Amino acid sequence: MFKETVTFTDYNGVEITKDYYFHLNEAEIMEMELGTEGGLAEKIETIVKAQQRPTIIKTFKEILLKAYGEKSADGSRFKKSADISEAFEQSPASPILFMKYATDADAGAKFVNGIMPSDKQMSAEQLHDRPGQ
């Protein structure tokens, strides 16, 4: 599980600091791996090497929204749904995190590694040619 603490100003002008959680379980990772030609990690590496910036941005947004969820208070559940994902996407924190992960190779690598199994992890060097670099 990957946790990111974000401080933002909400739409009422109130500054808020909130923890956001991201996780892909083995079934979700398998679904993404099997649903992606050559696997997800290979796809990311290929589009980065080819400098396909629009595809990089789209892929990171998909991963961000797929991995986002809400941890139950007792830690026994990680709740995900279309509504939860949509609420996160509409929050002021979503673009902050998206821009951080999509434009900073170290932050992007840390995020991907935090939600992926160890055999699918990528180094910052593999992600270094991302937009904003």
# chains A, B, ... in the order shown; residues from 1 in each chain; ligands from 1

call {"tool": "select_by_dssp", "arguments": {"residues": "chain A", "states": "alpha helix (DSSP H)", "output": "MDAnalysis selection string"}}
result
chainID A and resid 26:34 40:49 53:67 82:90 93:103 105:115

call {"tool": "atom_distance", "arguments": {"atom1": "CA of Leu24 in chain A", "atom2": "CA of Ala82 in chain A"}}
result
15.1 Å

call {"tool": "residues_around", "arguments": {"residues": "range 6-16 of chain A", "least_positions_apart": "3", "cutoff": "12 Å", "atoms": "only C-alpha atoms", "output": "ChimeraX atom specification"}}
result
/A:3,19-21,90-98,100

call {"tool": "residues_around", "arguments": {"residues": "Glu62 in chain A", "least_positions_apart": "4", "cutoff": "12 Å", "atoms": "only C-alpha atoms", "output": "ChimeraX atom specification"}}
result
/A:32,40,44,55-58,66-68,85-86,89,98,102

call {"tool": "write_last_selection", "arguments": {"atoms": "N, CA, C and O atoms", "output": "PDB file, in the first residue's frame"}}
result
ATOM      1  N   MET A  32      -4.570  -6.188 -15.095  1.00  0.00           N
ATOM      2  CA  MET A  32      -3.876  -5.163 -15.873  1.00  0.00           C
ATOM      3  C   MET A  32      -2.764  -5.779 -16.724  1.00  0.00           C
ATOM      4  O   MET A  32      -2.555  -5.382 -17.864  1.00  0.00           O
ATOM      5  N   LEU A  40       1.872  -4.723 -18.188  1.00  0.00           N
ATOM      6  CA  LEU A  40       1.807  -3.299 -17.842  1.00  0.00           C
ATOM      7  C   LEU A  40       3.184  -2.672 -17.692  1.00  0.00           C
ATOM      8  O   LEU A  40       3.445  -1.594 -18.229  1.00  0.00           O
ATOM      9  N   ILE A  44       4.681   0.430 -19.938  1.00  0.00           N
ATOM     10  CA  ILE A  44       5.179   1.707 -19.422  1.00  0.00           C
ATOM     11  C   ILE A  44       6.587   1.961 -19.932  1.00  0.00           C
ATOM     12  O   ILE A  44       6.894   3.048 -20.425  1.00  0.00           O
ATOM     13  N   THR A  55       0.490   9.070 -24.353  1.00  0.00           N
ATOM     14  CA  THR A  55       0.205   7.734 -23.826  1.00  0.00           C
ATOM     15  C   THR A  55       0.727   7.587 -22.407  1.00  0.00           C
ATOM     16  O   THR A  55       0.089   6.949 -21.568  1.00  0.00           O
ATOM     17  N   ILE A  56       1.882   8.180 -22.110  1.00  0.00           N
ATOM     18  CA  ILE A  56       2.420   8.165 -20.754  1.00  0.00           C
ATOM     19  C   ILE A  56       1.432   8.824 -19.797  1.00  0.00           C
ATOM     20  O   ILE A  56       1.096   8.263 -18.747  1.00  0.00           O
ATOM     21  N   ILE A  57       0.951   9.989 -20.163  1.00  0.00           N
ATOM     22  CA  ILE A  57       0.008  10.729 -19.316  1.00  0.00           C
ATOM     23  C   ILE A  57      -1.264   9.913 -19.105  1.00  0.00           C
ATOM     24  O   ILE A  57      -1.738   9.754 -17.978  1.00  0.00           O
ATOM     25  N   LYS A  58      -1.816   9.370 -20.183  1.00  0.00           N
ATOM     26  CA  LYS A  58      -3.047   8.574 -20.088  1.00  0.00           C
ATOM     27  C   LYS A  58      -2.840   7.349 -19.200  1.00  0.00           C
ATOM     28  O   LYS A  58      -3.674   7.035 -18.350  1.00  0.00           O
ATOM     29  N   LYS A  66      -7.086   3.743 -10.873  1.00  0.00           N
ATOM     30  CA  LYS A  66      -7.333   2.324 -10.574  1.00  0.00           C
ATOM     31  C   LYS A  66      -6.794   1.959  -9.189  1.00  0.00           C
ATOM     32  O   LYS A  66      -7.391   1.149  -8.477  1.00  0.00           O
ATOM     33  N   ALA A  67      -5.675   2.557  -8.800  1.00  0.00           N
ATOM     34  CA  ALA A  67      -5.035   2.210  -7.527  1.00  0.00           C
ATOM     35  C   ALA A  67      -5.645   2.934  -6.334  1.00  0.00           C
ATOM     36  O   ALA A  67      -5.494   2.485  -5.199  1.00  0.00           O
ATOM     37  N   TYR A  68      -6.353   4.040  -6.552  1.00  0.00           N
ATOM     38  CA  TYR A  68      -6.887   4.818  -5.432  1.00  0.00           C
ATOM     39  C   TYR A  68      -8.033   4.094  -4.740  1.00  0.00           C
ATOM     40  O   TYR A  68      -8.888   3.474  -5.370  1.00  0.00           O
ATOM     41  N   SER A  85     -13.507   6.485  -6.975  1.00  0.00           N
ATOM     42  CA  SER A  85     -12.516   6.943  -7.946  1.00  0.00           C
ATOM     43  C   SER A  85     -12.907   8.301  -8.530  1.00  0.00           C
ATOM     44  O   SER A  85     -12.068   9.202  -8.659  1.00  0.00           O
ATOM     45  N   GLU A  86     -14.179   8.458  -8.854  1.00  0.00           N
ATOM     46  CA  GLU A  86     -14.661   9.720  -9.416  1.00  0.00           C
ATOM     47  C   GLU A  86     -14.547  10.855  -8.401  1.00  0.00           C
ATOM     48  O   GLU A  86     -14.131  11.970  -8.746  1.00  0.00           O
ATOM     49  N   GLU A  89     -10.957  11.837  -8.289  1.00  0.00           N
ATOM     50  CA  GLU A  89     -10.580  12.553  -9.511  1.00  0.00           C
ATOM     51  C   GLU A  89     -11.081  13.993  -9.488  1.00  0.00           C
ATOM     52  O   GLU A  89     -10.429  14.892 -10.026  1.00  0.00           O
ATOM     53  N   PHE A  98      -1.368  13.754  -9.596  1.00  0.00           N
ATOM     54  CA  PHE A  98      -1.157  13.385 -10.994  1.00  0.00           C
ATOM     55  C   PHE A  98       0.052  14.115 -11.574  1.00  0.00           C
ATOM     56  O   PHE A  98       0.926  13.504 -12.194  1.00  0.00           O
ATOM     57  N   ALA A 102       3.413  12.278 -12.802  1.00  0.00           N
ATOM     58  CA  ALA A 102       3.596  12.280 -14.257  1.00  0.00           C
ATOM     59  C   ALA A 102       4.775  13.133 -14.715  1.00  0.00           C
ATOM     60  O   ALA A 102       5.246  12.964 -15.823  1.00  0.00           O
TER      61      ALA A 102
END

call {"tool": "closest_residue", "arguments": {"among": "A:Lys18, A:Lys43, A:Lys61, A:Lys49", "to": "Met99 in chain A", "atoms": "only C-alpha atoms"}}
result
A:Lys61

call {"tool": "atom_distance", "arguments": {"atom1": "CA of Gly108 in chain A", "atom2": "CA of Phe60 in chain A"}}
result
8.7 Å

call {"tool": "select_by_dssp", "arguments": {"residues": "chain A", "states": "strand (DSSP E)", "output": "list of chain:residue names"}}
result
A:Phe2, A:Lys3, A:Glu4, A:Thr5, A:Val6, A:Thr7, A:Phe8, A:Thr9, A:Glu15, A:Ile16, A:Thr17, A:Lys18, A:Asp19, A:Tyr20, A:Tyr21, A:Phe22, A:Tyr68, A:Gly69, A:Glu70, A:Lys71, A:Phe78, A:Lys79

call {"tool": "atom_distance", "arguments": {"atom1": "CA of Arg77 in chain A", "atom2": "CA of Asn25 in chain A"}}
result
11.6 Å

call {"tool": "closest_residue", "arguments": {"among": "A:Ile63, A:Ser81, A:Glu45, A:Glu70", "to": "Gly114 in chain A", "atoms": "only C-alpha atoms"}}
result
A:Ile63

call {"tool": "closest_residue", "arguments": {"among": "A:Met1, A:Leu65, A:Ile84, A:Ile29", "to": "Lys110 in chain A", "atoms": "only C-alpha atoms"}}
result
A:Met1
